$ cat my_file38.txt   # compact mmCIF, C-alpha atoms and all ligand atoms
# COMPACT_ATOMS: atom_id res chain seq x y z
CA MET A 206 -79.18 -55.15 -10.54
CA SER A 207 -79.62 -58.92 -10.72
CA LEU A 208 -78.44 -62.01 -8.83
CA ASP A 209 -76.24 -64.36 -10.79
CA VAL A 210 -77.86 -67.58 -9.49
CA THR A 211 -80.90 -69.77 -10.15
CA LEU A 212 -83.66 -69.22 -7.55
CA GLN A 213 -86.59 -71.53 -6.79
CA THR A 214 -89.04 -68.63 -6.68
CA ASP A 215 -89.30 -65.47 -8.77
CA PRO A 216 -87.20 -62.92 -6.78
CA GLY A 217 -89.51 -60.09 -7.76
CA ALA A 218 -92.80 -61.89 -7.00
CA ILE A 219 -93.77 -60.37 -3.63
CA SER A 220 -96.29 -62.58 -1.83
CA SER A 221 -98.94 -61.70 0.73
CA ASP A 222 -98.45 -65.11 2.37
CA PRO A 223 -95.91 -64.67 5.24
CA VAL A 224 -94.19 -68.03 4.68
CA GLU A 225 -93.97 -67.61 0.88
CA GLU A 226 -92.67 -64.07 1.25
CA ALA A 227 -90.04 -65.14 3.79
CA ARG A 228 -89.00 -67.95 1.42
CA ARG A 229 -88.60 -65.49 -1.48
CA GLN A 230 -86.41 -63.19 0.58
CA ILE A 231 -84.36 -66.01 2.13
CA GLU A 232 -83.57 -67.37 -1.34
CA ILE A 233 -82.31 -63.95 -2.41
CA CYS A 234 -80.15 -63.79 0.74
CA ASN A 235 -78.81 -67.26 0.01
CA ALA A 236 -77.65 -66.03 -3.38
CA CYS A 237 -76.26 -62.75 -2.05
CA ARG A 238 -74.67 -63.84 1.29
CA TYR A 239 -73.44 -60.33 2.09
CA CYS A 240 -74.77 -60.56 5.69
CA GLU A 241 -73.17 -63.95 6.41
CA GLY A 242 -71.51 -62.89 9.68
CA PHE A 243 -74.41 -60.89 11.14
CA CYS A 244 -76.22 -63.62 13.14
CA SER A 245 -77.04 -67.34 13.19
CA VAL A 246 -79.73 -66.93 10.52
CA PHE A 247 -77.34 -66.47 7.59
CA PRO A 248 -75.01 -69.45 8.26
CA ALA A 249 -78.22 -71.52 8.65
CA ILE A 250 -79.48 -70.21 5.29
CA THR A 251 -76.24 -71.06 3.52
CA ARG A 252 -76.41 -74.68 4.67
CA GLN A 253 -79.39 -75.25 2.36
CA LYS A 254 -80.51 -74.82 -1.22
CA VAL A 255 -84.23 -75.55 -0.86
CA PHE A 256 -86.36 -74.21 2.01
CA THR A 257 -89.38 -76.18 3.25
CA ASP A 258 -92.09 -74.55 5.38
CA GLY A 259 -90.39 -76.07 8.46
CA ASP A 260 -87.07 -74.48 7.45
CA ILE A 261 -88.76 -71.09 7.14
CA THR A 262 -90.30 -71.53 10.61
CA GLN A 263 -86.90 -72.42 12.08
CA LEU A 264 -85.12 -69.47 10.42
CA ALA A 265 -87.89 -67.07 11.45
CA ASN A 266 -87.57 -68.13 15.09
CA LEU A 267 -83.78 -67.89 14.96
CA CYS A 268 -84.00 -64.21 13.94
CA HIS A 269 -83.87 -61.68 16.82
CA ASN A 270 -85.14 -58.76 14.72
CA CYS A 271 -81.91 -56.77 15.27
CA ARG A 272 -82.47 -55.17 11.81
CA GLY A 273 -78.76 -55.04 10.92
CA CYS A 274 -79.37 -56.94 7.68
CA TYR A 275 -82.04 -54.46 6.55
CA TYR A 276 -79.81 -51.41 6.99
CA ALA A 277 -76.93 -53.19 5.21
CA CYS A 278 -79.01 -54.48 2.31
CA GLN A 279 -78.64 -53.24 -1.28
CA TYR A 280 -81.96 -54.79 -2.34
CA THR A 281 -84.38 -52.84 -0.12
CA ALA A 282 -87.03 -50.58 -1.71
CA PRO A 283 -86.96 -48.94 -4.21
CA HIS A 284 -85.10 -51.96 -5.62
CA GLU A 285 -87.56 -54.30 -7.35
CA PHE A 286 -86.72 -57.10 -4.85
CA ASP A 287 -88.07 -54.90 -2.02
CA LEU A 288 -86.10 -56.83 0.63
CA ASN A 289 -87.10 -56.39 4.25
CA LEU A 290 -85.85 -59.57 5.87
CA PRO A 291 -86.45 -58.52 9.51
CA ALA A 292 -90.14 -57.82 8.74
CA ALA A 293 -90.56 -60.93 6.57
CA LEU A 294 -89.11 -63.17 9.28
CA ALA A 295 -91.09 -61.37 12.01
CA SER A 296 -94.34 -62.00 10.12
CA ALA A 297 -93.48 -65.67 9.50
CA ARG A 298 -92.49 -65.99 13.16
CA ALA A 299 -95.73 -64.46 14.48
CA GLU A 300 -97.70 -66.63 12.09
CA SER A 301 -95.92 -69.74 13.42
CA TRP A 302 -96.70 -68.88 17.07
CA GLU A 303 -100.35 -68.34 16.20
CA ARG A 304 -100.48 -71.65 14.31
CA PHE A 305 -98.79 -73.62 17.11
CA ALA A 306 -100.83 -72.05 19.93
CA TRP A 307 -103.27 -74.35 21.68
CA PRO A 308 -106.22 -73.87 21.77
CA GLY A 309 -105.97 -72.30 18.29
CA GLY A 310 -107.14 -68.76 17.57
CA LEU A 311 -106.35 -67.24 20.98
CA ALA A 312 -102.87 -66.03 19.98
CA ASP A 313 -104.27 -64.23 16.95
CA VAL A 314 -106.78 -62.39 19.15
CA PHE A 315 -104.07 -61.33 21.62
CA GLN A 316 -101.62 -60.18 18.95
CA ARG A 317 -104.21 -57.92 17.33
CA LYS A 318 -106.02 -56.62 20.46
CA GLY A 319 -103.31 -57.24 23.06
CA THR A 320 -103.38 -53.91 24.89
CA ALA A 321 -107.15 -53.85 25.43
CA LEU A 322 -107.30 -57.55 26.29
CA ALA A 323 -104.42 -57.43 28.81
CA ALA A 324 -105.77 -54.27 30.49
CA ALA A 325 -109.29 -55.75 30.77
CA LEU A 326 -107.93 -59.00 32.21
CA VAL A 327 -105.72 -57.22 34.77
CA VAL A 328 -108.67 -55.12 35.99
CA GLY A 329 -111.03 -58.13 35.98
CA CYS A 330 -108.58 -60.36 37.86
CA ALA A 331 -107.75 -57.56 40.34
CA MET A 332 -111.47 -57.15 41.09
CA MET A 333 -111.74 -60.88 41.65
CA PHE A 334 -108.83 -60.73 44.13
CA MET A 335 -110.46 -57.75 45.90
CA ALA A 336 -113.60 -59.86 46.30
CA VAL A 337 -111.62 -62.87 47.58
CA ALA A 338 -109.68 -60.59 49.96
CA ALA A 339 -112.99 -59.62 51.58
CA LEU A 340 -113.16 -63.21 52.91
CA PRO A 341 -111.35 -63.99 56.20
CA GLY A 342 -107.55 -64.43 55.73
CA GLU A 343 -105.45 -67.30 57.13
CA GLY A 344 -102.25 -65.79 58.51
CA GLU A 345 -100.05 -62.72 58.66
CA GLY A 346 -98.55 -60.51 55.99
CA PHE A 347 -100.23 -60.85 52.58
CA TYR A 348 -101.98 -64.02 53.77
CA ALA A 349 -104.11 -61.79 56.00
CA TYR A 350 -105.66 -60.43 52.75
CA LEU A 351 -105.66 -63.60 50.71
CA GLY A 352 -105.35 -67.03 52.29
CA HIS A 353 -102.66 -69.46 51.12
CA THR A 354 -105.29 -72.04 50.10
CA ALA A 355 -107.10 -69.52 47.89
CA MET A 356 -103.76 -68.53 46.29
CA VAL A 357 -102.91 -72.16 45.51
CA LEU A 358 -106.40 -72.90 44.16
CA ILE A 359 -106.19 -69.94 41.79
CA PHE A 360 -102.54 -70.00 40.74
CA LEU A 361 -101.78 -73.70 40.44
CA PRO A 362 -104.15 -74.31 37.49
CA ALA A 363 -103.30 -70.86 36.09
CA PHE A 364 -99.66 -71.97 35.98
CA LEU A 365 -100.06 -75.60 34.89
CA LEU A 366 -102.66 -75.15 32.12
CA PRO A 367 -100.66 -72.51 30.17
CA LEU A 368 -97.56 -74.68 30.68
CA ALA A 369 -99.40 -77.61 29.09
CA ALA A 370 -100.41 -75.35 26.18
CA ILE A 371 -96.76 -74.32 25.72
CA VAL A 372 -95.67 -77.98 25.68
CA VAL A 373 -98.26 -78.72 22.96
CA GLY A 374 -96.97 -75.74 20.95
CA LEU A 375 -93.33 -76.78 21.34
CA ARG A 376 -94.10 -80.33 20.20
CA ARG A 377 -95.74 -78.90 17.09
CA TYR A 378 -92.71 -76.68 16.50
CA TRP A 379 -90.33 -79.61 16.89
CA ALA A 380 -92.30 -81.79 14.47
CA GLU A 381 -92.56 -79.06 11.84
CA THR A 382 -88.87 -78.14 11.96
CA GLY A 383 -87.67 -81.78 11.87
CA GLY A 384 -86.02 -81.76 15.30
CA THR A 385 -84.37 -84.97 16.52
CA THR A 386 -83.59 -86.33 20.00
CA VAL A 387 -82.22 -83.51 22.16
CA THR A 388 -78.77 -84.11 23.67
CA MET A 389 -77.01 -82.39 26.57
CA ALA A 390 -74.62 -80.84 24.04
CA ASP A 391 -77.58 -79.30 22.16
CA LEU A 392 -78.97 -77.86 25.40
CA HIS A 393 -75.56 -76.56 26.44
CA ASP A 394 -75.03 -74.72 23.13
CA ALA A 395 -78.54 -73.27 23.17
CA ALA A 396 -78.30 -72.17 26.82
CA LYS A 397 -74.94 -70.48 26.15
CA SER A 398 -76.33 -68.58 23.20
CA ALA A 399 -79.48 -67.58 25.13
CA ALA A 400 -77.53 -66.50 28.23
CA THR A 401 -75.22 -64.19 26.27
CA LEU A 402 -77.76 -63.20 23.57
CA LYS A 403 -74.95 -63.67 21.08
CA ASN A 404 -77.31 -63.01 18.15
CA LEU A 405 -77.79 -59.43 19.28
CA ASP A 406 -74.11 -58.45 19.15
CA GLY A 407 -74.27 -57.38 15.48
CA GLY A 408 -71.86 -60.08 14.34
CA GLN A 409 -68.61 -58.29 15.27
CA GLY A 410 -69.59 -57.30 18.82
CA GLN A 411 -70.52 -53.75 17.80
CA GLY A 412 -74.15 -54.20 18.89
CA CYS A 413 -77.24 -53.83 16.73
CA ASN A 414 -78.79 -50.83 15.03
CA PHE A 415 -82.35 -51.67 16.05
CA GLU A 416 -83.56 -48.08 16.56
CA VAL A 417 -81.48 -46.04 14.13
CA GLU A 418 -79.50 -47.06 11.05
CA GLU A 419 -76.28 -45.21 11.90
CA ARG A 420 -76.18 -46.01 15.63
CA PHE A 421 -74.84 -49.37 16.79
CA SER A 422 -75.30 -50.12 20.46
CA ASP A 423 -75.63 -52.92 22.99
CA GLU A 424 -78.67 -51.30 24.64
CA ARG A 425 -81.22 -53.76 23.26
CA ARG A 426 -79.05 -56.70 24.22
CA MET A 427 -78.60 -55.31 27.74
CA ALA A 428 -82.34 -54.59 28.12
CA HIS A 429 -83.14 -58.14 26.98
CA GLN A 430 -80.62 -59.56 29.41
CA ALA A 431 -82.08 -57.50 32.26
CA VAL A 432 -85.54 -58.85 31.41
CA MET A 433 -84.35 -62.45 31.07
CA TRP A 434 -82.24 -62.54 34.25
CA GLY A 435 -84.76 -60.47 36.20
CA PHE A 436 -87.54 -62.85 35.20
CA LEU A 437 -85.48 -65.92 36.11
CA MET A 438 -84.58 -64.42 39.51
CA CYS A 439 -88.25 -63.63 40.24
CA PHE A 440 -89.19 -67.16 39.23
CA ALA A 441 -86.43 -68.59 41.47
CA SER A 442 -87.67 -66.35 44.28
CA THR A 443 -91.20 -67.79 44.01
CA ALA A 444 -89.81 -71.33 43.77
CA SER A 445 -87.63 -70.83 46.87
CA ALA A 446 -90.63 -69.47 48.82
CA THR A 447 -92.61 -72.58 47.84
CA ILE A 448 -89.79 -74.83 49.04
CA LEU A 449 -89.53 -72.88 52.32
CA HIS A 450 -93.28 -73.20 52.82
CA TYR A 451 -93.73 -76.88 52.01
CA VAL A 452 -90.35 -78.47 52.77
CA PHE A 453 -89.14 -76.37 55.70
CA ALA A 454 -92.58 -75.41 57.11
CA THR A 455 -91.56 -71.73 57.00
CA PRO A 456 -94.44 -69.71 55.56
CA ALA A 457 -94.24 -66.06 54.37
CA PRO A 458 -93.70 -63.24 55.24
CA TYR A 459 -89.92 -63.37 54.80
CA GLY A 460 -87.36 -60.82 55.92
CA PHE A 461 -85.13 -58.91 53.53
CA PHE A 462 -82.15 -61.23 54.13
CA SER A 463 -84.08 -64.36 53.10
CA VAL A 464 -83.58 -66.25 49.83
CA PRO A 465 -86.97 -65.22 48.35
CA LYS A 466 -86.30 -61.53 48.99
CA LEU A 467 -82.63 -61.58 48.01
CA LEU A 468 -83.67 -63.05 44.65
CA GLY A 469 -87.01 -61.28 44.24
CA VAL A 470 -86.10 -57.65 44.96
CA PRO A 471 -83.06 -57.39 42.61
CA GLY A 472 -84.93 -59.57 40.10
CA GLY A 473 -87.92 -57.20 40.17
CA ILE A 474 -85.65 -54.16 39.74
CA LEU A 475 -83.84 -55.77 36.77
CA LEU A 476 -87.15 -56.78 35.19
CA THR A 477 -88.65 -53.29 35.60
CA LEU A 478 -85.57 -51.57 34.17
CA GLY A 479 -85.28 -54.08 31.31
CA CYS A 480 -88.93 -53.64 30.29
CA ALA A 481 -88.62 -49.84 30.48
CA GLY A 482 -85.52 -50.02 28.27
CA LEU A 483 -87.27 -52.24 25.73
CA LEU A 484 -90.27 -49.87 25.61
CA VAL A 485 -88.01 -46.84 25.01
CA LEU A 486 -86.07 -48.62 22.25
CA LYS A 487 -89.27 -49.92 20.69
CA GLY A 488 -90.69 -46.40 20.63
CA LYS A 489 -87.68 -45.18 18.64
CA ALA A 490 -87.56 -48.07 16.16
CA ASP A 491 -89.15 -48.16 12.72
CA PRO A 492 -92.40 -50.20 13.03
CA ALA A 493 -92.17 -51.17 9.35
CA LEU A 494 -89.26 -53.51 10.20
CA GLY A 495 -91.29 -55.44 12.78
CA THR A 496 -94.83 -56.80 12.63
CA PRO A 497 -97.14 -53.75 12.40
CA LYS A 498 -100.33 -55.86 12.52
CA ARG A 499 -99.20 -57.38 15.83
CA ALA A 500 -97.91 -54.15 17.41
CA SER A 501 -100.69 -54.10 20.00
CA GLY A 502 -99.74 -57.57 21.28
CA GLU A 503 -96.02 -56.74 21.35
CA TRP A 504 -96.48 -53.50 23.31
CA ALA A 505 -98.99 -55.14 25.66
CA PHE A 506 -96.61 -57.95 26.50
CA VAL A 507 -93.76 -55.64 27.56
CA TRP A 508 -96.13 -53.34 29.48
CA LEU A 509 -97.67 -56.29 31.29
CA LEU A 510 -94.33 -57.83 32.24
CA GLY A 511 -93.01 -54.47 33.45
CA PHE A 512 -96.21 -53.85 35.43
CA VAL A 513 -95.95 -57.24 37.14
CA ALA A 514 -92.41 -56.36 38.28
CA LEU A 515 -93.15 -52.76 39.27
CA SER A 516 -96.34 -53.59 41.18
CA GLY A 517 -94.45 -56.32 43.05
CA LEU A 518 -91.75 -53.87 44.09
CA LEU A 519 -94.31 -51.24 45.13
CA LEU A 520 -96.18 -53.84 47.12
CA TYR A 521 -93.02 -54.72 49.01
CA ALA A 522 -92.07 -51.06 49.58
CA LEU A 523 -95.58 -50.10 50.78
CA ARG A 524 -96.36 -53.25 52.77
CA GLU A 525 -98.48 -52.76 55.88
CA SER A 526 -99.87 -49.47 54.57
CA VAL A 527 -103.41 -48.52 53.52
CA LEU A 528 -102.40 -49.29 49.93
CA THR A 529 -101.45 -52.91 50.61
CA GLY A 530 -104.90 -54.37 49.77
CA PRO A 531 -105.43 -52.62 46.40
CA LEU A 532 -101.77 -53.06 45.40
CA LEU A 533 -101.88 -56.77 46.24
CA ALA A 534 -105.04 -57.18 44.13
CA LEU A 535 -103.44 -55.31 41.20
CA HIS A 536 -100.17 -57.23 41.45
CA LEU A 537 -101.85 -60.62 41.68
CA GLY A 538 -104.26 -59.61 38.89
CA SER A 539 -101.33 -58.78 36.61
CA VAL A 540 -99.47 -61.99 37.53
CA LEU A 541 -102.58 -64.08 36.83
CA THR A 542 -103.12 -62.27 33.51
CA PHE A 543 -99.48 -62.86 32.62
CA PHE A 544 -99.76 -66.60 33.32
CA LEU A 545 -103.03 -66.98 31.42
CA LEU A 546 -101.71 -65.11 28.36
CA THR A 547 -98.27 -66.75 28.28
CA PRO A 548 -98.99 -69.24 25.46
CA TYR A 549 -100.72 -66.55 23.36
CA SER A 550 -98.60 -63.46 24.03
CA LYS A 551 -95.03 -62.70 23.05
CA MET A 552 -93.93 -64.51 26.20
CA ALA A 553 -94.17 -67.62 24.03
CA HIS A 554 -91.25 -66.27 22.01
CA GLY A 555 -88.83 -67.17 24.81
CA PHE A 556 -89.80 -70.84 24.51
CA TYR A 557 -89.76 -70.93 20.69
CA ARG A 558 -86.47 -69.02 20.49
CA PHE A 559 -84.85 -71.48 22.83
CA ALA A 560 -86.24 -74.37 20.76
CA ALA A 561 -84.82 -72.70 17.63
CA LEU A 562 -81.40 -72.42 19.28
CA VAL A 563 -81.51 -76.12 20.24
CA ARG A 564 -82.54 -77.00 16.67
CA GLU A 565 -79.74 -74.79 15.32
CA ALA A 566 -77.21 -76.61 17.54
CA GLN A 567 -78.40 -79.91 16.05
CA ASP A 568 -78.09 -78.59 12.49
CA ARG A 569 -74.60 -77.23 13.09
CA ARG A 570 -73.45 -80.55 14.52
CA ALA A 571 -74.96 -82.47 11.60
CA SER A 572 -73.41 -80.28 8.88
S1 LIG B 1 -80.31 -58.89 3.57
FE1 LIG B 1 -79.74 -58.07 1.58
S2 LIG B 1 -77.54 -57.73 1.70
FE2 LIG B 1 -78.07 -59.13 3.36
S3 LIG B 1 -77.77 -61.18 2.53
FE3 LIG B 1 -79.92 -60.63 2.20
S4 LIG B 1 -79.99 -59.77 0.15
FE4 LIG B 1 -77.85 -59.75 0.80
S1 LIG B 2 -82.79 -58.96 11.62
FE1 LIG B 2 -80.84 -59.36 12.66
S2 LIG B 2 -81.15 -61.37 13.60
FE2 LIG B 2 -82.71 -61.15 11.99
S3 LIG B 2 -81.82 -62.02 10.14
FE3 LIG B 2 -81.36 -59.83 10.11
S4 LIG B 2 -79.32 -59.68 11.03
FE4 LIG B 2 -80.13 -61.68 11.60
$ encode --input "my_file38.txt" --output "structure tokens"
Amino acid sequence: MSLDVTLQTDPGAISSDPVEEARRQIEICNACRYCEGFCSVFPAITRQKVFTDGDITQLANLCHNCRGCYYACQYTAPHEFDLNLPAALASARAESWERFAWPGGLADVFQRKGTALAAALVVGCAMMFMAVAALPGEGEGFYAYLGHTAMVLIFLPAFLLPLAAIVVGLRRYWAETGGTTVTMADLHDAAKSAATLKNLDGGQGQGCNFEVEERFSDERRMAHQAVMWGFLMCFASTASATILHYVFATPAPYGFFSVPKLLGVPGGILLTLGCAGLLVLKGKADPALGTPKRASGEWAFVWLLGFVALSGLLLYALRESVLTGPLLALHLGSVLTFFLLTPYSKMAHGFYRFAALVREAQDRRAS
């Protein structure tokens, strides 16, 4: 079988370079166009004839690895084109995050040794919190174990420094993909797409076949939404507690019918369930359609996020028990690890995906 078009690259010349290989496969898709309605990637491909490295980066970050295009494709192995677009884009995507990460090199280490690194950091940070907790506390509730000043001194830089690293990475992404001035309309379109996870609906609303070829379902979309909304609610819970503390001079602990708890408890439950769902689905899916060399980092990220949520819920359920001290140390250790690894773990994908959706909104408006 052959494609009746002129391609820039040899369609049968498989490359070991992730960007070159993604370019080869994207050019074949641009000639074929069978998957046009599957997701935002294909309409974006058809808007162009030539694909720069920045275009490949943008397309790779627009892909949600739903795998629908692989199972629909007539050019997968044993065809000589050996198409595997989800894997090609996943490799180019991971390569882009590692290249944009600042300081360089750390993302590569996490992606390849993520599980061991995250586990070691959680244990190390938890031991540090146990040691700090041995010092006199400054209040009631959890502050009796770890004073508010110590918390701020540890967590403020651990939050701001990774945030600065993410900003550096996003600026690099924007420059490479040719992004222009962001408008409210761009942000609105991107936020709408992110909130509904439109790209995971399979194109016709039937859901994706991430785990099994013949089974379309919305489970991955729902698990992702649980993680996203759960995370945002937990973040809002922490932000509201900070406002209560500093603006209204109302320090923790807070009762169940307070804003921090009404956001934090359901948020933690959603986050735990979402991470569990993603782990189950990931366990069923074919690793050859993802990024096998980065599997450790991908698993570690979901485990870590789920552990942060679960340990937070346990801490709340078992407060004022003999387990409070060790659970607090473990929970804070996992939160600190999560913050420190954010620019280098798959957590970065949330930022780059959103940037890709904003960039896509700009491209659609310009075309
Ligand atoms: S994934 Fe396969 S079927 Fe789909 S557009 Fe590309 S070449 Fe065509
Ligand atoms: S894996 Fe899914 S999201 Fe990615 S290009 Fe294929 S159909 Fe689109």
$ closest_atom_pairs --input "my_file38.txt" --of "region 439-512 of chain A" --to "region 516-534 of chain A" --cutoff "9 Å" --atoms "all atoms listed in the file" --output "tab-separated table"
residue	atom	partner	partner_atom	distance
A:Gly469	CA	A:Leu518	CA	8.8
A:Val470	CA	A:Leu518	CA	6.9
A:Gly473	CA	A:Leu518	CA	6.4
A:Ile474	CA	A:Leu518	CA	7.5
A:Gly511	CA	A:Ser516	CA	8.5
A:Phe512	CA	A:Ser516	CA	5.8
$ closest_residue --input "my_file38.txt" --among "A:Gly217, A:Gly435, A:Pro308, A:Gly259" --to "Val372 (chain A)" --atoms "only C-alpha atoms"
A:Pro308
$ closest_residue --input "my_file38.txt" --among "A:Gly384, A:Pro367, A:Gly495, A:Gly310" --to "Leu294 (chain A)" --atoms "all atoms listed in the file"
A:Gly495
$ atom_distance --input "my_file38.txt" --atom1 "CA of Ile261 (chain A)" --atom2 "CA of Pro248 (chain A)"
13.9 Å
$ axis_aligned_box --input "my_file38.txt" --around "ligand LIG 2 (chain B)" --padding-each-side "4 Å" --output "JSON"
{"center_x": -81.1, "center_y": -60.5, "center_z": 11.9, "size_x": 11.5, "size_y": 11.1, "size_z": 11.5}
$ closest_residue --input "my_file38.txt" --among "A:Thr542, A:Thr547, A:Arg229, A:Leu535" --to "Ala331 (chain A)" --atoms "only C-alpha atoms"
A:Leu535
$ closest_residue --input "my_file38.txt" --among "A:Leu537, A:Ala505, A:Val513, A:Ala481" --to "Phe315 (chain A)" --atoms "all atoms listed in the file"
A:Ala505
$ residues_near_ligand --input "my_file38.txt" --ligand "ligand LIG 1 (chain B)" --cutoff "8 Å" --atoms "all atoms listed in the file" --output "compact mmCIF listing (two decimals) with C-alpha atoms, in the frame of the given file"
# COMPACT_ATOMS: atom_id res chain seq x y z
CA GLN A 230 -86.41 -63.19 0.58
CA ILE A 231 -84.36 -66.01 2.13
CA ILE A 233 -82.31 -63.95 -2.41
CA CYS A 234 -80.15 -63.79 0.74
CA ASN A 235 -78.81 -67.26 0.01
CA ALA A 236 -77.65 -66.03 -3.38
CA CYS A 237 -76.26 -62.75 -2.05
CA ARG A 238 -74.67 -63.84 1.29
CA TYR A 239 -73.44 -60.33 2.09
CA CYS A 240 -74.77 -60.56 5.69
CA GLU A 241 -73.17 -63.95 6.41
CA PHE A 247 -77.34 -66.47 7.59
CA CYS A 274 -79.37 -56.94 7.68
CA TYR A 275 -82.04 -54.46 6.55
CA ALA A 277 -76.93 -53.19 5.21
CA CYS A 278 -79.01 -54.48 2.31
CA GLN A 279 -78.64 -53.24 -1.28
CA TYR A 280 -81.96 -54.79 -2.34
CA THR A 281 -84.38 -52.84 -0.12
CA LEU A 288 -86.10 -56.83 0.63
CA ASN A 289 -87.10 -56.39 4.25
CA LEU A 290 -85.85 -59.57 5.87
$ residues_around --input "my_file38.txt" --residues "Ala227 (chain A)" --least-positions-apart "5" --cutoff "9 Å" --atoms "only C-alpha atoms" --output "number ranges by chain"
A: 220, 222, 232, 261, 265, 290, 292-294, 296-297
$ closest_residue --input "my_file38.txt" --among "A:Leu311, A:Ala457, A:Leu509, A:Leu546" --to "Phe347 (chain A)" --atoms "all atoms listed in the file"
A:Ala457
$ closest_atom_pairs --input "my_file38.txt" --of "chain A" --to "ligand LIG 2 (chain B)" --cutoff "6 Å" --atoms "all atoms listed in the file" --output "tab-separated table"
residue	atom	partner	partner_atom	distance
A:Phe243	CA	B:LIG2	S4	5.1
A:Cys244	CA	B:LIG2	FE4	4.6
A:Val246	CA	B:LIG2	S3	5.3
A:Cys268	CA	B:LIG2	FE2	3.9
A:His269	CA	B:LIG2	S2	4.2
A:Asn270	CA	B:LIG2	S1	3.9
A:Cys271	CA	B:LIG2	FE1	3.8
A:Arg272	CA	B:LIG2	S1	3.8
A:Gly273	CA	B:LIG2	S4	4.7
A:Cys274	CA	B:LIG2	FE3	4.3
A:Pro291	CA	B:LIG2	S1	4.2
$ write_last_selection --input "my_file38.txt" --atoms "C-alpha atoms" --output "PDB file, keeping the file's coordinate frame"
ATOM      1  CA  PHE A 243     -74.410 -60.890  11.140  1.00  0.00           C
ATOM      2  CA  CYS A 244     -76.220 -63.620  13.140  1.00  0.00           C
ATOM      3  CA  VAL A 246     -79.730 -66.930  10.520  1.00  0.00           C
ATOM      4  CA  CYS A 268     -84.000 -64.210  13.940  1.00  0.00           C
ATOM      5  CA  HIS A 269     -83.870 -61.680  16.820  1.00  0.00           C
ATOM      6  CA  ASN A 270     -85.140 -58.760  14.720  1.00  0.00           C
ATOM      7  CA  CYS A 271     -81.910 -56.770  15.270  1.00  0.00           C
ATOM      8  CA  ARG A 272     -82.470 -55.170  11.810  1.00  0.00           C
ATOM      9  CA  GLY A 273     -78.760 -55.040  10.920  1.00  0.00           C
ATOM     10  CA  CYS A 274     -79.370 -56.940   7.680  1.00  0.00           C
ATOM     11  CA  PRO A 291     -86.450 -58.520   9.510  1.00  0.00           C
TER      12      PRO A 291
END
$ residues_near_point --input "my_file38.txt" --point "(-73.1, -56.0, 19.0)" --cutoff "12 Å" --atoms "all atoms listed in the file" --output "JSON, numbers by chain"
{"A": [242, 243, 244, 271, 272, 273, 401, 402, 403, 404, 405, 406, 407, 408, 409, 410, 411, 412, 413, 414, 415, 420, 421, 422, 423, 424, 425, 426, 427]}
$ residues_around --input "my_file38.txt" --residues "region 566-569 of chain A" --least-positions-apart "2" --cutoff "7 Å" --atoms "only C-alpha atoms" --output "ChimeraX atom specification"
/A:391,394-395,562-564,571-572
$ atom_distance --input "my_file38.txt" --atom1 "CA of Ser398 (chain A)" --atom2 "CA of Cys480 (chain A)"
20.8 Å
$ atom_distance --input "my_file38.txt" --atom1 "CA of Ala369 (chain A)" --atom2 "CA of Gln316 (chain A)"
20.3 Å
$ closest_residue --input "my_file38.txt" --among "A:Leu375, A:Leu476, A:Ala363, A:Leu545" --to "Tyr557 (chain A)" --atoms "all atoms listed in the file"
A:Leu375
$ residues_around --input "my_file38.txt" --residues "Phe544 (chain A)" --least-positions-apart "5" --cutoff "12 Å" --atoms "only C-alpha atoms" --output "number ranges by chain"
A: 323, 326-327, 330, 359-371, 506, 509-510, 513, 537-539, 549-553
$ residues_near_point --input "my_file38.txt" --point "(-87.9, -64.8, 48.5)" --cutoff "12 Å" --atoms "all atoms listed in the file" --output "PyMOL selection string"
chain A and resi 438-450+455-473+521
$ residues_around --input "my_file38.txt" --residues "Lys487 (chain A)" --least-positions-apart "4" --cutoff "9 Å" --atoms "all atoms listed in the file" --output "ChimeraX atom specification"
/A:415-416,482-483,491-492,504
